[in-house]
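File shown: target-v5.csv (CSV, C-alpha atoms and all ligand atoms).
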chain,number,residue,atom,x,y,z
T,1011,MET,CA,-53.2,-118.9,54.8
T,1012,PHE,CA,-51.5,-115.5,55.2
T,1013,LEU,CA,-52.8,-115.1,58.7
T,1014,ASP,CA,-52.3,-118.7,59.8
T,1015,ARG,CA,-49.5,-117.8,62.2
T,1016,ILE,CA,-51.8,-115.7,64.4
T,1017,LYS,CA,-55.0,-117.9,64.0
T,1018,ASN,CA,-54.9,-119.0,67.6
T,1019,PHE,CA,-53.5,-115.8,68.9
T,1020,LYS,CA,-55.2,-114.3,72.0
T,1021,SER,CA,-55.1,-110.5,72.0
T,1022,TYR,CA,-54.7,-108.4,75.2
T,1023,LYS,CA,-58.1,-108.0,76.8
T,1024,THR,CA,-59.1,-104.9,78.6
T,1025,GLU,CA,-62.0,-104.5,81.1
T,1026,THR,CA,-64.7,-102.5,79.4
T,1027,THR,CA,-67.9,-103.2,81.4
T,1028,PRO,CA,-69.6,-99.9,81.9
T,1029,CYS,CA,-69.8,-99.0,85.6
T,1030,LYS,CA,-70.2,-95.8,87.7
T,1031,ILE,CA,-67.0,-96.3,89.6
T,1032,LYS,CA,-64.0,-97.6,87.6
T,1033,LEU,CA,-61.2,-99.0,89.6
T,1034,SER,CA,-60.0,-101.5,87.0
T,1035,SER,CA,-57.2,-100.0,84.8
T,1036,ASN,CA,-54.7,-98.5,87.2
T,1037,GLU,CA,-55.3,-95.0,85.9
T,1038,ASN,CA,-54.8,-91.8,87.8
T,1039,PRO,CA,-58.4,-91.1,88.9
T,1040,PHE,CA,-57.9,-87.3,88.8
T,1041,ASP,CA,-58.3,-85.4,85.5
T,1042,LEU,CA,-56.2,-82.4,84.8
T,1043,PRO,CA,-57.4,-79.1,86.4
T,1044,GLU,CA,-59.4,-76.7,84.3
T,1045,TRP,CA,-56.7,-74.0,84.1
T,1046,LEU,CA,-54.2,-76.5,82.7
T,1047,LYS,CA,-56.8,-77.8,80.2
T,1048,GLU,CA,-57.4,-74.2,79.1
T,1049,LYS,CA,-53.7,-73.7,78.5
T,1050,ILE,CA,-53.6,-77.0,76.5
T,1051,VAL,CA,-56.6,-75.9,74.3
T,1052,GLN,CA,-54.8,-72.7,73.4
T,1053,GLU,CA,-51.6,-74.5,72.5
T,1054,VAL,CA,-53.3,-77.3,70.6
T,1055,LYS,CA,-55.1,-74.7,68.5
T,1056,LYS,CA,-51.7,-73.5,67.2
T,1057,ILE,CA,-50.8,-77.0,65.8
T,1058,PRO,CA,-50.6,-77.1,62.0
T,1059,PHE,CA,-52.7,-80.2,61.7
T,1060,GLN,CA,-51.8,-80.9,58.0
T,1061,ARG,CA,-48.1,-81.3,59.0
T,1062,TYR,CA,-46.2,-84.3,60.4
T,1063,PRO,CA,-45.0,-83.9,63.9
T,1064,ASP,CA,-41.3,-83.5,64.8
T,1065,PRO,CA,-40.0,-87.1,64.4
T,1066,THR,CA,-37.4,-86.5,67.1
T,1067,SER,CA,-39.8,-84.9,69.6
T,1068,LYS,CA,-36.9,-82.6,70.5
T,1069,LYS,CA,-38.8,-80.2,72.8
T,1070,LEU,CA,-40.7,-83.0,74.6
T,1071,LYS,CA,-37.6,-85.1,75.1
T,1072,LYS,CA,-35.9,-82.2,76.8
T,1073,VAL,CA,-38.8,-81.7,79.2
T,1074,ILE,CA,-39.0,-85.5,79.9
T,1075,ALA,CA,-35.2,-85.7,80.4
T,1076,ASP,CA,-35.5,-82.9,83.0
T,1077,PHE,CA,-38.5,-84.7,84.7
T,1078,TYR,CA,-36.4,-87.8,85.1
T,1079,GLY,CA,-33.0,-86.2,85.7
T,1080,VAL,CA,-31.3,-87.7,82.6
T,1081,ASN,CA,-30.2,-86.3,79.3
T,1082,PRO,CA,-32.4,-86.2,76.1
T,1083,GLU,CA,-29.9,-88.6,74.5
T,1084,ASN,CA,-30.8,-91.2,77.1
T,1085,ILE,CA,-34.4,-91.3,76.0
T,1086,VAL,CA,-36.5,-93.2,73.4
T,1087,LEU,CA,-40.2,-92.3,73.2
T,1088,GLY,CA,-43.0,-94.7,72.5
T,1089,ASN,CA,-46.8,-94.6,71.8
T,1090,GLY,CA,-47.3,-95.8,75.3
T,1091,SER,CA,-44.8,-98.2,76.8
T,1092,ASP,CA,-46.7,-100.9,75.1
T,1093,GLU,CA,-45.1,-99.9,71.8
T,1094,LEU,CA,-41.7,-99.9,73.4
T,1095,ILE,CA,-42.3,-103.4,74.8
T,1096,GLN,CA,-43.2,-104.5,71.3
T,1097,LEU,CA,-40.2,-102.8,69.7
T,1098,LEU,CA,-37.8,-104.4,72.2
T,1099,THR,CA,-39.4,-107.8,71.5
T,1100,ILE,CA,-38.8,-107.3,67.8
T,1101,ILE,CA,-35.2,-106.0,67.9
T,1102,ILE,CA,-33.3,-107.6,70.8
T,1103,GLY,CA,-31.4,-110.6,69.7
T,1104,THR,CA,-33.1,-112.7,67.0
T,1105,THR,CA,-36.7,-113.7,67.1
T,1106,GLU,CA,-35.7,-117.3,67.5
T,1107,GLN,CA,-34.0,-116.5,70.8
T,1108,PRO,CA,-36.3,-116.8,73.9
T,1109,VAL,CA,-37.7,-114.0,76.0
T,1110,MET,CA,-38.1,-114.6,79.8
T,1111,TYR,CA,-40.6,-113.1,82.2
T,1112,PRO,CA,-42.2,-114.1,85.5
T,1113,ILE,CA,-45.7,-115.4,86.0
T,1114,PRO,CA,-48.0,-113.6,87.0
T,1115,THR,CA,-47.1,-110.3,85.3
T,1116,PHE,CA,-48.2,-107.7,82.8
T,1117,PRO,CA,-49.6,-109.7,79.8
T,1118,MET,CA,-48.0,-107.5,77.1
T,1119,TYR,CA,-44.7,-109.3,77.4
T,1120,GLN,CA,-46.4,-112.6,76.4
T,1121,VAL,CA,-48.6,-110.9,73.8
T,1122,SER,CA,-45.6,-109.2,72.1
T,1123,ALA,CA,-43.6,-112.4,72.1
T,1124,ASP,CA,-46.6,-114.2,70.5
T,1125,ILE,CA,-47.0,-111.5,67.8
T,1126,VAL,CA,-43.4,-111.9,66.8
T,1127,GLY,CA,-43.5,-115.7,67.2
T,1128,ARG,CA,-40.6,-115.7,69.8
T,1129,PRO,CA,-40.1,-118.6,72.2
T,1130,LYS,CA,-41.2,-117.7,75.8
T,1131,VAL,CA,-39.5,-118.8,79.0
T,1132,GLU,CA,-42.1,-118.2,81.7
T,1133,PHE,CA,-41.1,-118.8,85.3
T,1134,SER,CA,-43.0,-118.7,88.6
T,1135,LEU,CA,-42.9,-116.2,91.4
T,1136,ASP,CA,-42.9,-117.6,94.9
T,1137,GLU,CA,-46.0,-117.6,97.2
T,1138,ASN,CA,-45.4,-113.9,98.1
T,1139,PHE,CA,-45.1,-113.1,94.4
T,1140,GLN,CA,-41.3,-112.4,94.8
T,1141,LEU,CA,-38.6,-113.5,92.4
T,1142,ASN,CA,-37.1,-116.9,93.2
T,1143,LYS,CA,-33.4,-117.6,92.4
T,1144,GLU,CA,-34.0,-121.3,91.6
T,1145,GLU,CA,-36.8,-120.5,89.2
T,1146,ILE,CA,-34.6,-117.9,87.6
T,1147,ASP,CA,-31.7,-120.3,87.2
T,1148,LYS,CA,-34.0,-122.9,85.6
T,1149,ALA,CA,-35.2,-120.2,83.2
T,1150,LEU,CA,-31.7,-119.1,82.3
T,1151,GLU,CA,-30.8,-122.7,81.3
T,1152,LYS,CA,-33.2,-122.2,78.3
T,1153,LYS,CA,-30.8,-119.4,77.1
T,1154,PRO,CA,-33.1,-116.4,76.9
T,1155,VAL,CA,-31.5,-113.2,75.6
T,1156,LEU,CA,-34.3,-110.8,76.7
T,1157,ALA,CA,-35.9,-110.5,80.1
T,1158,PHE,CA,-38.9,-108.3,81.3
T,1159,PHE,CA,-39.4,-107.4,84.9
T,1160,ALA,CA,-42.3,-105.1,85.9
T,1161,SER,CA,-41.2,-103.7,89.2
T,1162,PRO,CA,-43.5,-102.8,91.0
T,1163,ASN,CA,-45.2,-105.8,89.3
T,1164,ASN,CA,-48.7,-105.7,87.8
T,1165,PRO,CA,-51.0,-107.4,88.9
T,1166,THR,CA,-49.3,-108.2,92.3
T,1167,GLY,CA,-48.2,-104.6,93.3
T,1168,ASN,CA,-44.9,-105.6,94.9
T,1169,THR,CA,-41.4,-104.5,94.0
T,1170,PHE,CA,-38.9,-107.2,93.0
T,1171,ASP,CA,-35.6,-107.9,94.7
T,1172,LYS,CA,-33.1,-105.6,93.0
T,1173,GLU,CA,-30.2,-108.0,93.4
T,1174,LEU,CA,-32.1,-110.8,91.5
T,1175,ILE,CA,-32.8,-108.5,88.6
T,1176,LYS,CA,-29.2,-107.5,88.4
T,1177,TYR,CA,-28.3,-111.2,88.7
T,1178,VAL,CA,-30.2,-111.8,85.4
T,1179,ALA,CA,-28.5,-108.8,83.7
T,1180,ASP,CA,-25.1,-110.1,84.9
T,1181,LYS,CA,-25.8,-113.4,83.0
T,1182,ASN,CA,-25.6,-111.3,79.8
T,1183,VAL,CA,-29.4,-111.1,79.3
T,1184,PHE,CA,-30.8,-107.8,77.9
T,1185,THR,CA,-32.9,-106.8,80.9
T,1186,VAL,CA,-35.9,-104.5,80.7
T,1187,VAL,CA,-37.1,-103.1,84.1
T,1188,ASP,CA,-40.6,-101.8,83.5
T,1189,GLU,CA,-41.1,-99.1,86.1
T,1190,ALA,CA,-44.7,-98.1,85.1
T,1191,TYR,CA,-45.7,-97.8,88.8
T,1192,ILE,CA,-42.4,-96.4,90.3
T,1193,ASP,CA,-44.0,-93.0,90.9
T,1194,PHE,CA,-46.1,-94.6,93.7
T,1195,SER,CA,-43.1,-96.4,95.3
T,1196,ASP,CA,-40.5,-95.3,97.8
T,1197,LYS,CA,-38.1,-98.0,96.7
T,1198,ASP,CA,-34.9,-97.6,94.7
T,1199,ASP,CA,-35.2,-97.4,90.8
T,1200,PHE,CA,-32.9,-98.7,88.1
T,1201,VAL,CA,-32.1,-95.4,86.3
T,1202,LYS,CA,-28.5,-95.4,87.4
T,1203,GLU,CA,-28.0,-99.0,86.2
T,1204,ALA,CA,-29.6,-98.2,82.9
T,1205,LEU,CA,-27.3,-95.2,82.3
T,1206,GLU,CA,-24.2,-97.3,83.3
T,1207,ARG,CA,-24.9,-100.6,81.6
T,1208,GLU,CA,-25.3,-101.6,77.9
T,1209,ASN,CA,-27.8,-104.5,78.6
T,1210,LEU,CA,-30.3,-102.9,81.0
T,1211,VAL,CA,-33.0,-100.4,80.2
T,1212,VAL,CA,-35.8,-98.8,82.1
T,1213,LEU,CA,-39.4,-98.2,80.9
T,1214,ARG,CA,-41.6,-95.5,82.3
T,1215,THR,CA,-45.1,-94.3,81.3
T,1216,MET,CA,-47.2,-91.2,81.6
T,1217,SER,CA,-50.3,-93.4,81.7
T,1218,LYS,CA,-50.3,-94.0,85.5
T,1219,ILE,CA,-49.7,-90.4,86.5
T,1220,GLY,CA,-52.6,-88.8,84.6
T,1221,LEU,CA,-52.0,-89.0,80.8
T,1222,ALA,CA,-53.2,-92.4,79.8
T,1223,GLY,CA,-55.2,-90.7,77.0
T,1224,ILE,CA,-52.2,-89.2,75.1
T,1225,ARG,CA,-50.2,-92.5,74.9
T,1226,LEU,CA,-46.7,-91.6,75.9
T,1227,GLY,CA,-44.1,-94.1,77.1
T,1228,VAL,CA,-40.4,-93.5,77.8
T,1229,LEU,CA,-37.4,-95.8,77.5
T,1230,ILE,CA,-34.3,-94.7,79.5
T,1231,ALA,CA,-31.0,-96.2,78.5
T,1232,ASN,CA,-27.3,-95.6,78.1
T,1233,GLU,CA,-26.8,-93.1,75.2
T,1234,ARG,CA,-25.3,-95.6,72.8
T,1235,ILE,CA,-28.1,-98.1,73.4
T,1236,ALA,CA,-30.9,-95.5,73.2
T,1237,LYS,CA,-29.5,-94.3,69.8
T,1238,GLU,CA,-29.6,-97.9,68.4
T,1239,ILE,CA,-33.1,-98.6,69.7
T,1240,ASP,CA,-34.4,-95.3,68.4
T,1241,LYS,CA,-33.5,-96.4,64.8
T,1242,ALA,CA,-36.3,-99.0,64.9
T,1243,ARG,CA,-39.0,-96.6,66.2
T,1244,PRO,CA,-41.7,-95.6,63.7
T,1245,PRO,CA,-40.7,-92.0,62.8
T,1246,PHE,CA,-44.0,-90.3,63.7
T,1247,ASN,CA,-45.1,-92.5,66.7
T,1248,ILE,CA,-45.5,-89.5,69.0
T,1249,THR,CA,-48.3,-87.4,67.6
T,1250,TYR,CA,-48.3,-83.6,67.4
T,1251,PRO,CA,-51.0,-83.2,70.1
T,1252,THR,CA,-49.1,-85.7,72.4
T,1253,GLN,CA,-45.9,-83.7,72.0
T,1254,VAL,CA,-47.7,-80.4,72.8
T,1255,ILE,CA,-49.7,-81.7,75.7
T,1256,GLY,CA,-46.8,-83.6,77.2
T,1257,GLU,CA,-44.6,-80.5,77.2
T,1258,ILE,CA,-47.2,-78.4,79.0
T,1259,VAL,CA,-48.3,-81.0,81.6
T,1260,LEU,CA,-44.7,-81.9,82.5
T,1261,THR,CA,-43.7,-78.3,83.0
T,1262,GLU,CA,-46.6,-76.2,84.1
T,1263,GLY,CA,-48.6,-79.2,85.5
T,1264,ARG,CA,-45.7,-80.8,87.4
T,1265,ASP,CA,-46.7,-79.7,90.8
T,1266,GLU,CA,-50.3,-80.8,90.2
T,1267,ILE,CA,-49.1,-84.3,89.2
T,1268,LYS,CA,-47.0,-84.5,92.3
T,1269,LYS,CA,-50.0,-83.5,94.4
T,1270,GLN,CA,-52.2,-86.1,92.8
T,1271,ILE,CA,-49.5,-88.8,93.3
T,1272,ASN,CA,-49.3,-87.9,97.0
T,1273,ILE,CA,-53.1,-88.1,97.4
T,1274,ILE,CA,-53.1,-91.6,95.7
T,1275,LYS,CA,-50.4,-92.8,98.1
T,1276,GLU,CA,-52.3,-91.6,101.1
T,1277,GLU,CA,-55.5,-93.1,99.9
T,1278,ARG,CA,-53.7,-96.4,99.2
T,1279,LYS,CA,-52.7,-96.5,102.9
T,1280,ARG,CA,-56.3,-95.8,104.0
T,1281,VAL,CA,-58.0,-98.3,101.7
T,1282,ILE,CA,-55.6,-101.1,102.5
T,1283,LYS,CA,-56.0,-100.5,106.2
T,1284,GLU,CA,-59.8,-100.6,105.9
T,1285,VAL,CA,-59.9,-103.6,103.6
T,1286,SER,CA,-57.5,-105.6,105.7
T,1287,SER,CA,-60.0,-105.5,108.5
T,1288,ILE,CA,-62.7,-107.2,106.4
T,1289,GLU,CA,-63.2,-110.8,107.3
T,1290,GLY,CA,-62.3,-113.3,104.5
T,1291,VAL,CA,-60.1,-110.8,102.5
T,1292,LYS,CA,-56.4,-111.3,102.2
T,1293,ILE,CA,-54.4,-108.2,101.0
T,1294,TYR,CA,-51.0,-108.3,99.3
T,1295,PRO,CA,-48.6,-105.4,100.0
T,1296,SER,CA,-48.4,-102.8,97.3
T,1297,ASP,CA,-45.9,-100.1,96.1
T,1298,ALA,CA,-48.2,-99.2,93.2
T,1299,ASN,CA,-51.5,-97.3,92.6
T,1300,PHE,CA,-53.5,-100.5,93.0
T,1301,PHE,CA,-53.4,-103.5,95.2
T,1302,LEU,CA,-54.2,-107.2,94.9
T,1303,MET,CA,-56.6,-109.0,97.3
T,1304,LYS,CA,-57.7,-112.6,97.6
T,1305,VAL,CA,-61.3,-113.5,98.5
T,1306,PRO,CA,-63.2,-116.8,98.9
T,1307,ASP,CA,-64.9,-116.6,95.5
T,1308,GLY,CA,-63.3,-114.1,93.1
T,1309,ASN,CA,-65.8,-114.4,90.3
T,1310,LEU,CA,-68.7,-113.9,92.7
T,1311,VAL,CA,-67.2,-110.8,94.5
T,1312,HIS,CA,-66.3,-109.3,91.2
T,1313,LYS,CA,-69.9,-109.7,89.9
T,1314,LYS,CA,-71.5,-108.5,93.0
T,1315,LEU,CA,-69.3,-105.4,93.1
T,1316,ILE,CA,-70.4,-104.6,89.5
T,1317,GLU,CA,-74.0,-104.9,90.6
T,1318,LYS,CA,-73.2,-102.2,93.2
T,1319,GLY,CA,-71.6,-100.0,90.6
T,1320,VAL,CA,-67.9,-100.7,91.3
T,1321,LEU,CA,-65.7,-102.2,88.6
T,1322,ILE,CA,-62.4,-103.8,89.7
T,1323,ARG,CA,-60.3,-106.3,87.7
T,1324,ASN,CA,-60.9,-110.0,88.0
T,1325,MET,CA,-57.6,-111.9,87.9
T,1326,SER,CA,-59.1,-115.3,88.9
T,1327,HIS,CA,-58.7,-116.7,85.4
T,1328,LEU,CA,-54.9,-116.2,85.3
T,1329,PRO,CA,-52.4,-118.8,86.5
T,1330,LYS,CA,-51.5,-118.6,90.2
T,1331,MET,CA,-54.2,-115.9,90.6
T,1332,GLU,CA,-57.2,-118.0,91.8
T,1333,ASN,CA,-59.8,-115.8,93.5
T,1334,CYS,CA,-57.5,-112.7,93.2
T,1335,LEU,CA,-58.9,-109.3,92.4
T,1336,ARG,CA,-57.0,-106.2,91.5
T,1337,VAL,CA,-58.2,-102.8,92.8
T,1338,SER,CA,-57.0,-99.4,91.5
T,1339,ILE,CA,-56.9,-96.6,94.0
T,1340,GLY,CA,-59.5,-94.0,93.0
T,1341,LYS,CA,-60.6,-90.6,94.3
T,1342,PRO,CA,-61.3,-90.6,98.0
T,1343,GLU,CA,-65.1,-90.7,97.5
T,1344,GLU,CA,-64.8,-93.6,95.1
T,1345,ASN,CA,-62.6,-95.5,97.5
T,1346,THR,CA,-65.1,-95.0,100.3
T,1347,ALA,CA,-67.9,-96.3,98.0
T,1348,PHE,CA,-65.7,-99.3,97.1
T,1349,ILE,CA,-64.9,-100.1,100.8
T,1350,LYS,CA,-68.6,-99.9,101.7
T,1351,ALA,CA,-69.7,-102.1,98.8
T,1352,LEU,CA,-67.0,-104.7,99.5
T,1353,LYS,CA,-68.0,-104.8,103.2
T,1354,GLU,CA,-71.6,-105.5,102.2
T,1355,VAL,CA,-70.6,-108.1,99.6
T,1356,MET,CA,-68.3,-109.9,102.0
T,1357,SER,CA,-70.8,-110.1,104.8
T,1358,GLU,CA,-73.4,-111.5,102.3
T,1359,ILE,CA,-70.8,-114.2,101.3
T,1360,VAL,CA,-69.2,-115.0,104.6
T,1361,PHE,CA,-72.5,-115.2,106.6
T,1362,SER,CA,-74.7,-116.8,103.9
T,1401,LIG,C1,-46.3,-103.0,84.1
T,1401,LIG,C2,-46.9,-102.2,82.9
T,1401,LIG,N1,-46.2,-101.8,81.9
T,1401,LIG,C3,-46.7,-101.1,80.9
T,1401,LIG,C4,-48.0,-100.7,80.9
T,1401,LIG,C5,-48.6,-100.0,79.7
T,1401,LIG,O1,-48.4,-98.7,79.8
T,1401,LIG,P1,-48.8,-97.7,78.6
T,1401,LIG,O2,-50.1,-97.2,78.8
T,1401,LIG,O3,-47.7,-96.7,78.6
T,1401,LIG,O4,-48.7,-98.5,77.3
T,1401,LIG,C6,-48.8,-101.1,81.9
T,1401,LIG,C7,-50.3,-100.8,81.9
T,1401,LIG,O5,-51.1,-101.3,82.6
T,1401,LIG,C8,-48.3,-101.9,83.0
T,1401,LIG,O6,-49.0,-102.3,84.0

Written as structure tokens, how would this file's structure read?
Ligand SMILES: Cc1ncc(COP(=O)(O)O)c(C=O)c1O
Amino acid sequence: MFLDRIKNFKSYKTETTPCKIKLSSNENPFDLPEWLKEKIVQEVKKIPFQRYPDPTSKKLKKVIADFYGVNPENIVLGNGSDELIQLLTIIIGTTEQPVMYPIPTFPMYQVSADIVGRPKVEFSLDENFQLNKEEIDKALEKKPVLAFFASPNNPTGNTFDKELIKYVADKNVFTVVDEAYIDFSDKDDFVKEALERENLVVLRTMSKIGLAGIRLGVLIANERIAKEIDKARPPFNITYPTQVIGEIVLTEGRDEIKKQINIIKEERKRVIKEVSSIEGVKIYPSDANFFLMKVPDGNLVHKKLIEKGVLIRNMSHLPKMENCLRVSIGKPEENTAFIKALKEVMSEIVFS
């Protein structure tokens, strides 16, 4: 009886099939270098583990603010940006007021709305996975007060039209621009708008640039808005080890992260070029550390790639994603193995 409300609730599913090459979760494929890990070990040893961490993450916030070129007062930290998505879904407007987001997109917006029991206004992207003004207008008629836009979008990889996101914010909707993949994009971000406006915030995460394991998400907002949102944050959501590791990596490891991002961007170019030439595969353009491709039989290609030791993400079961597969960019040797395996699988399918 007490749990009736979530009886039919579907939790967020991750891909956990064990596989030699894992290109399924949009992680940075490179671990931290040994010298940086040594430094981390030394600093983690100094943590008084019996104590609660600093609830304000003062030192870490200063480092992150510097990393993004904003002030510490513009920042709210989360246990991953997942936590910030949940927090916003709980506190913006009332939970009877709808939340809007496009389809297909990152499932946590839907999952968070369902946890809270909030009405959802889902609207379709066009055939190129771009925002469509007519669809947005139809969604706005349902009077949503909160909107989520992942840009670059997951699982499609493309960046949304900035003007259409601003169009939604201009309709007095609290607009969240989730820039989890912006480090791999050369397009404009929304930080300036977030600092200027009181109804638009930006989400960032350390997960895609090498620190998925420490769970550290960042909300960037106008000072007054950040202060209000911060009131609703669990006081010790950023653990002591996360604070210590984040500080070290974002200062001493900054050049290493930048180097890794550049390699991933170069590899994205190479992989997309190679895969584009495979008969039967359609590739969608990407500004992220992954790309989406369409094949004649998504389930079969996904299964055959696993048999060859390569795990990618099957999106075929999602609306508008029939036969679509999402591939994260890995290390150069992993990408080469993926290309080889895909060529073999496709020639078996196309010529069988
Ligand atoms: C668009 C988007 N936002 C947020 C997240 C979650 O990030 P985090 O690991 O910081 O919770 C992801 C993870 O895949 C994502 O794709």

Nearest candidate to Leu1098 (chain T) (options T:Glu1025, T:Glu1044, T:Asp1188, T:Glu1144; using all atoms listed in the file):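 Distance minimum relative to Leu1098 (chain T) lands on T:Asp1188.
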
Could you list, as a ChimeraX atom specification, every residue within 12 Å of Ser1217 (chain T), counting all atoms listed in the file and ignoring same-chain residues fewer than 2 positions away? /T:1035-1039,1041,1088-1092,1189-1191,1193,1213-1215,1219-1228,1256,1267,1299

Separating CA of Asn1324 (chain T) from CA of Glu1343 (chain T), to the nearest tenth of an Å, is a gap of 21.9 Å

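Nearest to ligand LIG 1401 (chain T) of all the residues T:Gly1103, T:Gly1079, T:Pro1154, T:Pro1114 is T:Pro1114, counting all atoms listed in the file.
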
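Residue nearest ligand LIG 1401 (chain T) within the list T:Glu1344, T:Glu1284, T:Glu1145, T:Glu1093: T:Glu1093 [criterion: smallest interatomic distance, all atoms listed in the file].
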
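Every residue within 9 Å of the file position (-35.7, -93.4, 68.0), judged by all atoms listed in the file, is given as Pro1065, Thr1066, Ile1085, Val1086, Leu1087, Gly1088, Ala1236, Lys1237, Glu1238, Ile1239, Asp1240, Lys1241, Ala1242, Arg1243, Pro1244 and Pro1245 of chain T.
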
Contacts of Val1187 (chain T) at 6 Å or less, counting only C-alpha atoms, minus same-chain residues fewer than 6 places along, as a ChimeraX atom specification? /T:1159-1160,1212

Would you please work out which residue, of T:Ser1286, T:Lys1172, T:Ile1113, T:Asp1147, is nearest to Leu1135 (chain T) when using all atoms listed in the file?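 Selected residue with least distance to Leu1135 (chain T): T:Ile1113.
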
Go ahead and compute the interatomic distance for CA of Lys1047 (chain T) and CA of Phe1300 (chain T), in Å to one decimal.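 We find that CA of Lys1047 (chain T) and CA of Phe1300 (chain T) lie 26.3 Å from each other.
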
Selection as an mmCIF file with C-alpha atoms, keeping the file's coordinate frame: residues within 12 Å of (-27.5, -120.2, 78.0), counting only C-alpha atoms:
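Output contents, as saved in part07.cif:
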data_model
loop_
_atom_site.group_PDB
_atom_site.id
_atom_site.type_symbol
_atom_site.label_atom_id
_atom_site.label_comp_id
_atom_site.auth_asym_id
_atom_site.auth_seq_id
_atom_site.Cartn_x
_atom_site.Cartn_y
_atom_site.Cartn_z
ATOM 1 C CA GLN T 1107 -34.000 -116.500 70.800
ATOM 2 C CA PRO T 1108 -36.300 -116.800 73.900
ATOM 3 C CA ASP T 1147 -31.700 -120.300 87.200
ATOM 4 C CA LYS T 1148 -34.000 -122.900 85.600
ATOM 5 C CA ALA T 1149 -35.200 -120.200 83.200
ATOM 6 C CA LEU T 1150 -31.700 -119.100 82.300
ATOM 7 C CA GLU T 1151 -30.800 -122.700 81.300
ATOM 8 C CA LYS T 1152 -33.200 -122.200 78.300
ATOM 9 C CA LYS T 1153 -30.800 -119.400 77.100
ATOM 10 C CA PRO T 1154 -33.100 -116.400 76.900
ATOM 11 C CA VAL T 1155 -31.500 -113.200 75.600
ATOM 12 C CA LEU T 1156 -34.300 -110.800 76.700
ATOM 13 C CA VAL T 1178 -30.200 -111.800 85.400
ATOM 14 C CA LYS T 1181 -25.800 -113.400 83.000
ATOM 15 C CA ASN T 1182 -25.600 -111.300 79.800
ATOM 16 C CA VAL T 1183 -29.400 -111.100 79.300
#

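Among T:Glu1332, T:Gly1319, T:Glu1289, T:Val1305, the residue with the shortest atom-to-atom distance to Ala1351 (chain T), counting all atoms listed in the file, is T:Gly1319.
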
Option closest in space to Val1131 (chain T), from T:Pro1117, T:Pro1295, T:Pro1112, T:Pro1342 [counting all atoms listed in the file]: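 Once distances to Val1131 (chain T) are computed over all atoms listed in the file, the minimum belongs to T:Pro1112.
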
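For Met1110 (chain T), the non-local neighbours within 6 Å, defined as residues at least 3 positions apart in the same chain or in other chains and counting only C-alpha atoms, are Lys1130, Val1131, Glu1132 and Ala1157 of chain T.
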
re CA of Lys1275 (chain T) and CA of Leu1315 (chain T): distance 23.3 Å

Who sits within 10 Å of Arg1015 (chain T), only C-alpha atoms, same chain under 2 positions skipped, as an mmCIF file with C-alpha atoms, in the frame of the given file:
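The result, stored in part-v2.cif:
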data_model
loop_
_atom_site.group_PDB
_atom_site.id
_atom_site.type_symbol
_atom_site.label_atom_id
_atom_site.label_comp_id
_atom_site.auth_asym_id
_atom_site.auth_seq_id
_atom_site.Cartn_x
_atom_site.Cartn_y
_atom_site.Cartn_z
ATOM 1 C CA MET T 1011 -53.200 -118.900 54.800
ATOM 2 C CA PHE T 1012 -51.500 -115.500 55.200
ATOM 3 C CA LEU T 1013 -52.800 -115.100 58.700
ATOM 4 C CA LYS T 1017 -55.000 -117.900 64.000
ATOM 5 C CA ASN T 1018 -54.900 -119.000 67.600
ATOM 6 C CA PHE T 1019 -53.500 -115.800 68.900
ATOM 7 C CA ASP T 1124 -46.600 -114.200 70.500
ATOM 8 C CA ILE T 1125 -47.000 -111.500 67.800
ATOM 9 C CA VAL T 1126 -43.400 -111.900 66.800
ATOM 10 C CA GLY T 1127 -43.500 -115.700 67.200
#

For Tyr1294 (chain T), please output as a PyMOL selection string all residues within 10 Å (counting all atoms listed in the file; exclusion window: fewer than 6 positions along the same chain). chain T and resi 1138-1139+1166-1168+1282+1286+1301-1304+1334

Region 1141-1146 of chain T: axis-aligned bounding box, 8 Å on each side, centre and edge lengths in Å, one decimal, as JSON:
{"center_x": -36.0, "center_y": -117.4, "center_z": 90.4, "size_x": 21.2, "size_y": 23.8, "size_z": 21.6}
